[in-house]
Amino acid sequence: FGVLGSFYTAIQPILQRSPYFNDLPSDVRRVLVQNNLSGTGAFNAMFASHEAKIYENESYVLPCSEIDGAEYTHTWPQRVERFQPNATLIKMMLVILAFSSNCSLVLPRQAATLANTSPERTLALVRTQDALVLILWKYLVYQYGFLDAVRRFDRLVRNYMELLNRMSENRSREHHEMIDTITVKTTQALTWDG
């Protein structure tokens, strides 16, 4: 999958090491991976691109252009530059997105839902989501004060929504096949009850 694919597969160890994730039933873990990997992987790609200034490297840009298309790849650096410079904040947001019921673009044929999951299992996920968002909010207020916390959270959400919008415009078959393959492999790895 190359460097681009590694940004998506990097989500797996984050989830594997999370006691919150491991405490969830396998059907809930499966839904989370299927519904969120494409968005969290893209968010992680933006973060890693920003940190490594990878879009300044031609040996990275050329393969991305082949997978995602030249126009899509050309506009990526401008989006990356709007990114928050606080790595801790971004990593916290990545975990929150990974635990969201559904925070990615999900095609109807791919949609996995929690509808067939027992209320107790769904409630366990809601408790985890509440705890993670509370931790993020307290971090934001501690670091930046209340008003700046609101602004930074708004900016994070806006950047993510813009990313999802941009992803919806990507018509690259190769990109979608890569994400589907990574999602299947990650789902299998993270939901195995042995």
# chains A, B, ... in the order shown; residues from 1 in each chain; ligands from 1
$ residues_around --residues "Ala48 of chain A" --least-positions-apart "5" --cutoff "10 Å" --atoms "only C-alpha atoms" --output "short mmCIF file (atom, residue, chain, number, x, y, z; two decimals) with N, CA, C and O atoms, in the first residue's frame"
data_model
loop_
_atom_site.label_atom_id
_atom_site.label_comp_id
_atom_site.auth_asym_id
_atom_site.auth_seq_id
_atom_site.Cartn_x
_atom_site.Cartn_y
_atom_site.Cartn_z
N PHE A 7 -0.64 5.22 6.52
CA PHE A 7 -1.37 6.16 7.36
C PHE A 7 -2.69 5.55 7.83
O PHE A 7 -3.15 5.83 8.93
N ALA A 42 -7.68 8.95 6.91
CA ALA A 42 -7.43 10.19 6.16
C ALA A 42 -7.01 11.31 7.10
O ALA A 42 -6.12 12.11 6.78
N PHE A 43 -7.64 11.38 8.29
CA PHE A 43 -7.27 12.39 9.27
C PHE A 43 -5.83 12.17 9.73
O PHE A 43 -5.04 13.12 9.86
N LYS A 53 6.06 17.01 6.67
CA LYS A 53 6.20 17.83 5.46
C LYS A 53 6.40 16.94 4.24
O LYS A 53 7.19 17.21 3.36
N ILE A 54 5.64 15.87 4.22
CA ILE A 54 5.82 14.84 3.21
C ILE A 54 5.44 15.30 1.81
O ILE A 54 5.92 14.77 0.82
N VAL A 80 -3.62 20.56 4.40
CA VAL A 80 -2.75 20.14 5.48
C VAL A 80 -2.24 21.33 6.28
O VAL A 80 -2.13 21.27 7.50
N ALA A 87 0.04 18.37 18.37
CA ALA A 87 0.00 16.93 18.07
C ALA A 87 -0.83 16.16 19.09
O ALA A 87 -1.54 15.21 18.73
#
$ select_by_dssp --residues "chain A" --states "helix (DSSP H, G or I)" --output "ChimeraX atom specification"
/A:2-9,11-16,19-22,26-52,54-56,58-68,70-81,87-98,119-169,173-191
$ residues_around --residues "Glu66 of chain A" --least-positions-apart "4" --cutoff "12 Å" --atoms "only C-alpha atoms" --output "list in words"
Leu4, Ser59, Tyr60, Val61, Leu62, Ala70, Glu71, Tyr72, Thr73, His74, Ser172, Arg173, Glu174 and His175 of chain A
$ write_last_selection --atoms "C-alpha atoms" --output "compact mmCIF listing (two decimals), in the first residue's frame"
# COMPACT_ATOMS: atom_id res chain seq x y z
CA LEU A 4 -0.39 6.39 1.91
CA SER A 59 8.88 10.57 -4.42
CA TYR A 60 5.74 10.61 -2.25
CA VAL A 61 3.66 12.99 -4.36
CA LEU A 62 4.00 10.99 -7.60
CA ALA A 70 -3.23 14.82 -9.74
CA GLU A 71 -5.89 17.42 -8.87
CA TYR A 72 -6.79 15.77 -5.56
CA THR A 73 -3.12 15.42 -4.61
CA HIS A 74 -2.29 18.96 -5.71
CA SER A 172 -10.16 7.19 -7.67
CA ARG A 173 -11.02 3.50 -7.92
CA GLU A 174 -7.52 2.56 -6.74
CA HIS A 175 -7.88 4.67 -3.60
$ atom_distance --atom1 "atom CA of Glu56 of chain A" --atom2 "atom CA of Glu81 of chain A"
12.2 Å
$ residues_around --residues "Tyr139 of chain A" --least-positions-apart "3" --cutoff "12 Å" --atoms "only C-alpha atoms" --output "list of chain:residue names"
A:Asn86, A:Thr88, A:Leu89, A:Ile90, A:Met92, A:Met93, A:Leu132, A:Val133, A:Leu134, A:Ile135, A:Leu136, A:Tyr142, A:Gln143, A:Tyr144, A:Gly145, A:Phe146, A:Asp148, A:Ala149, A:Val150, A:Arg152, A:Phe153
$ atom_distance --atom1 "atom CA of His50 of chain A" --atom2 "atom CA of Pro85 of chain A"
8.5 Å
$ atom_distance --atom1 "atom CA of Thr191 of chain A" --atom2 "atom CA of Leu163 of chain A"
27.2 Å
$ residues_around --residues "His176 of chain A" --least-positions-apart "5" --cutoff "10 Å" --atoms "only C-alpha atoms" --output "PDB file with N, CA and C atoms, in the first residue's frame"
ATOM      1  N   SER A  38     -11.863   4.737   7.234  1.00  0.00           N
ATOM      2  CA  SER A  38     -11.516   5.620   6.112  1.00  0.00           C
ATOM      3  C   SER A  38     -11.350   7.063   6.581  1.00  0.00           C
ATOM      4  N   ILE A  67      -2.555   7.267  -7.463  1.00  0.00           N
ATOM      5  CA  ILE A  67      -3.658   6.623  -6.738  1.00  0.00           C
ATOM      6  C   ILE A  67      -4.866   7.551  -6.637  1.00  0.00           C
ATOM      7  N   ASP A  68      -4.643   8.793  -6.229  1.00  0.00           N
ATOM      8  CA  ASP A  68      -5.750   9.704  -5.944  1.00  0.00           C
ATOM      9  C   ASP A  68      -6.075  10.675  -7.066  1.00  0.00           C
ATOM     10  N   MET A 167     -12.955  13.957   0.526  1.00  0.00           N
ATOM     11  CA  MET A 167     -12.891  12.516   0.257  1.00  0.00           C
ATOM     12  C   MET A 167     -14.048  12.073  -0.634  1.00  0.00           C
ATOM     13  N   ASN A 170     -13.281  12.425  -4.241  1.00  0.00           N
ATOM     14  CA  ASN A 170     -12.231  11.579  -4.799  1.00  0.00           C
ATOM     15  C   ASN A 170     -12.874  10.392  -5.505  1.00  0.00           C
ATOM     16  N   ARG A 171     -12.714  10.330  -6.791  1.00  0.00           N
ATOM     17  CA  ARG A 171     -13.335   9.272  -7.594  1.00  0.00           C
ATOM     18  C   ARG A 171     -12.347   8.160  -7.964  1.00  0.00           C
ATOM     19  N   THR A 181      -9.627  -2.779   1.135  1.00  0.00           N
ATOM     20  CA  THR A 181      -8.728  -3.879   1.509  1.00  0.00           C
ATOM     21  C   THR A 181      -8.187  -3.686   2.919  1.00  0.00           C
ATOM     22  N   ILE A 182      -7.741  -2.480   3.229  1.00  0.00           N
ATOM     23  CA  ILE A 182      -7.218  -2.191   4.567  1.00  0.00           C
ATOM     24  C   ILE A 182      -8.313  -2.361   5.613  1.00  0.00           C
TER      25      ILE A 182
END
$ residues_around --residues "Ala131 of chain A" --least-positions-apart "3" --cutoff "12 Å" --atoms "only C-alpha atoms" --output "list in words"
Tyr20, Met92, Val95, Ile96, Phe99, Ala124, Leu125, Val126, Arg127, Thr128, Leu134, Ile135, Leu136, Trp137 and Lys138 of chain A
$ closest_residue --among "A:Ile14, A:Val141, A:Leu37, A:Val3" --to "Asp180 of chain A" --atoms "only C-alpha atoms"
A:Leu37
$ closest_residue --among "A:Gly5, A:Pro25, A:Pro77, A:Pro119" --to "Gly41 of chain A" --atoms "only C-alpha atoms"
A:Gly5
$ residues_around --residues "Asn44 of chain A" --least-positions-apart "6" --cutoff "8 Å" --atoms "only C-alpha atoms" --output "list in words"
Phe7, Tyr8, Ile11 and Leu94 of chain A
$ closest_residue --among "A:Ser65, A:Asn159, A:Ser101, A:Ser168" --to "Arg30 of chain A" --atoms "only C-alpha atoms"
A:Ser101
$ closest_residue --among "A:Arg29, A:Arg158, A:Arg82, A:Arg17" --to "Met46 of chain A" --atoms "only C-alpha atoms"
A:Arg82
